[in-house]
Amino acid sequence: MIIILVISILALIGADQLVKYWASTSLQPKGSIDFIHFGDFEIIDLTYLENDGAIFGSMSGQRWFLIGFTSIVIVVGIVMLCMLYKRSKMLTSALVLFIAGGIGNLIDRIRLGYVIDMFEIKLFDFAIFNVADICVVFAVIFLFIYVIFIDPKIEKSKNALAEKAKENE
């Protein structure tokens, strides 16, 4: 099981890095290109952006802090994955996505000093983001679902089994 999780993390990092490589070699010279449009209705464009900050460009120029913080969060995620991978598929998926997204952006920060972003939501004014960011967003959504809906059921089941074991003693 751990091998599959490691392969999943590596595949997501690889996809992120491949898209970023494409963006830096093909998209950067153009700046921006149409991606998903319905007539004159713009949904998503591909726009090359070098983001030296965090979400929405916050903490711009704080490269070493972002590298350190991200590294700590990734290590915590790896430890949690090793400890909890049998607990729930939703939790495991969230941790895999979280680790992969963190590593994908960490590679850019260390190698380039900034993160390459390329997906621009034109439907409404939103941030420009990348594959690693998508992984992290889905990880947070999965963690939210897990904490609200799944973990309470797991705990309730554990408590019921513990009470039954006490009764049988």
# chains A, B, ... in the order shown; residues from 1 in each chain; ligands from 1

$ select_by_dssp --residues "chain A" --states "alpha helix (DSSP H)" --output "VMD selection string"
chain A and resid 2 to 22 63 to 84 89 to 111 131 to 145 151 to 168

$ residues_around --residues "Leu27 of chain A" --least-positions-apart "3" --cutoff "10 Å" --atoms "only C-alpha atoms" --output "list in words"
Lys20, Tyr21, Trp22, Ala23, Ser24, Lys30, Gly31, Ser32, Ile33, Leu46, Thr47, Tyr48, Leu49 and Met118 of chain A

$ atom_distance --atom1 "atom CA of Ser26 of chain A" --atom2 "atom CA of Ile99 of chain A"
27.3 Å

$ closest_residue --among "A:Val137, A:Ala127, A:Ala132, A:Ala162" --to "Val19 of chain A" --atoms "only C-alpha atoms"
A:Ala132

$ closest_residue --among "A:Lys156, A:Ile7, A:Asp52, A:Ile2" --to "Leu81 of chain A" --atoms "only C-alpha atoms"
A:Ile2

$ closest_residue --among "A:Arg87, A:Asp125, A:Ile44, A:Cys135" --to "Lys158 of chain A" --atoms "only C-alpha atoms"
A:Arg87

$ residues_around --residues "Lys122 of chain A" --least-positions-apart "2" --cutoff "8 Å" --atoms "only C-alpha atoms" --output "MDAnalysis selection string"
chainID A and resid 42:45 120 124:126

$ residues_around --residues "Gly102 of chain A" --least-positions-apart "5" --cutoff "12 Å" --atoms "only C-alpha atoms" --output "ChimeraX atom specification"
/A:9-10,12-13,16,54,66-78,95-97,107-109,115,130-137,139

$ atom_distance --atom1 "atom CA of Asp117 of chain A" --atom2 "atom CA of Asn51 of chain A"
6.9 Å

$ select_by_dssp --residues "chain A" --states "strand (DSSP E)" --output "PyMOL selection string"
chain A and resi 32-38+41-51+115-121+128-129

$ residues_around --residues "Ile154 of chain A" --least-positions-apart "6" --cutoff "12 Å" --atoms "only C-alpha atoms" --output "PyMOL selection string"
chain A and resi 86-88+91+146-148+160-161

$ closest_residue --among "A:Leu18, A:Leu143, A:Ala11, A:Ile36" --to "Lys89 of chain A" --atoms "only C-alpha atoms"
A:Leu143

$ atom_distance --atom1 "atom CA of Ser8 of chain A" --atom2 "atom CA of Phe138 of chain A"
14.7 Å

$ closest_residue --among "A:Val140, A:Ile55, A:Cys82, A:Ala15" --to "Phe98 of chain A" --atoms "only C-alpha atoms"
A:Val140
